[in-house]
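The structure appears below as structure tokens.
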Amino acid sequence: KVATQESIDKLKTIIHRQNESIMKLESKVSSLEKEVDLLKEQNDDSEQYSRRTCLRINGVPKSPNESADNCLQAVVKIFKEANVDVPNSVIDRAHRIGRAYGNKPRQIIVKFSTWRHRTDVYKARKLIKEKLGLGVQPDLTRARLELLKQVQLLCENTNAEFAFADVNCNLGIKLKGGGIQLFKNL
């Protein structure tokens, strides 16, 4: 059948309305995607803030029949050997966390009741590494840890020396020419 001009005009009108509707929906989707990204960032910030008094210690050998009390004793011993004054009363909890990989022991997560004591241990991390061969790092959220790893890989081919997490769990890049650049995304 041959289309009449009237039917062609009706189809053009329908197509025009659908295009307008599609444009509105695309705009709304874009707006919602921005809102989701903002909410993800706010959620990550909140989760990271809840971890502000925690540190992870890598490389502590596991003892047979280890319990949370053994972990606490091992952590207190590490702090004493590194000459960091941390009384037992300010360690809220210490226990193993994560999966074991090969014959590497799982990390120990230490929750402090005070920010000051947590920061004292964090500042002594180089001494703990040199003296005891143990790593001390902040307890980052999964999203921040993934981002830090990605940026560390990217640093190899740029004018950045290395990427790091600071005492407040902010992510940053040490630039080769000097200076630091903080980041929250790629």
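Chain lettering (A, B, ...) mirrors the order of the structure tokens, residue numbering begins at 1 for each chain separately, and ligand numbering begins at 1 in order of display.
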
Can you tell me which residues surround region 131-142 of chain A at a distance of at most 6 Å, considering only C-alpha atoms, apart from same-chain residues fewer than 5 positions away, and format the answer as a VMD selection string? chain A and resid 48 54 to 59 125

Identify all residues of region 10-105 of chain A in alpha helix (DSSP H) (DSSP on the backbone) and supply them as a VMD selection string. chain A and resid 10 to 50 68 to 81

When DSSP is applied to the backbone of this structure, which of region 75-155 of chain A are assigned strand (DSSP E or B)? Write them out as JSON, numbers by chain. {"A": [91, 92, 93, 94, 95, 96, 97, 101, 104, 107, 108, 109, 110, 111, 112, 135, 136, 137, 138]}

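Nearest to Glu146 (chain A) of all the residues A:Ala160, A:Leu186, A:Lys104, A:Gln181 is A:Leu186, counting only C-alpha atoms.
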
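If you look at CA of Ala82 (chain A) and CA of Ile128 (chain A), they are 5.7 Å away from each other.
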
At a cut-off of 12 Å, using only C-alpha atoms, what residues contact region 85-93 of chain A? Leave out same-chain residues fewer than 6 positions from it and give the result as a PyMOL selection string. chain A and resi 53-56+67-79+108-122+124

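Between CA of Lys184 (chain A) and CA of Glu35 (chain A) lies a distance of 16.3 Å.
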
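When CA of His95 (chain A) is paired with CA of Glu81 (chain A), their separation reads 19.3 Å.
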
Contact residues around Leu182 (chain A) with only C-alpha atoms at 10 Å, ignoring same-chain residues under 5 positions, as a VMD selection string: chain A and resid 163 to 166 170 to 174

Next, the residues of the selection above should be written as a PDB file, in the first residue's frame with C-alpha atoms.
```
ATOM      1  CA  ALA A 163      51.494   5.916  45.234  1.00  0.00           C
ATOM      2  CA  PHE A 164      50.695   5.601  48.933  1.00  0.00           C
ATOM      3  CA  ALA A 165      48.068   5.861  51.670  1.00  0.00           C
ATOM      4  CA  ASP A 166      48.864   8.444  54.344  1.00  0.00           C
ATOM      5  CA  ASN A 170      44.060   9.505  51.990  1.00  0.00           C
ATOM      6  CA  LEU A 171      45.580   8.274  48.750  1.00  0.00           C
ATOM      7  CA  GLY A 172      48.431  10.222  47.236  1.00  0.00           C
ATOM      8  CA  ILE A 173      51.223  10.187  44.693  1.00  0.00           C
ATOM      9  CA  LYS A 174      54.793  11.274  45.414  1.00  0.00           C
TER      10      LYS A 174
END
```
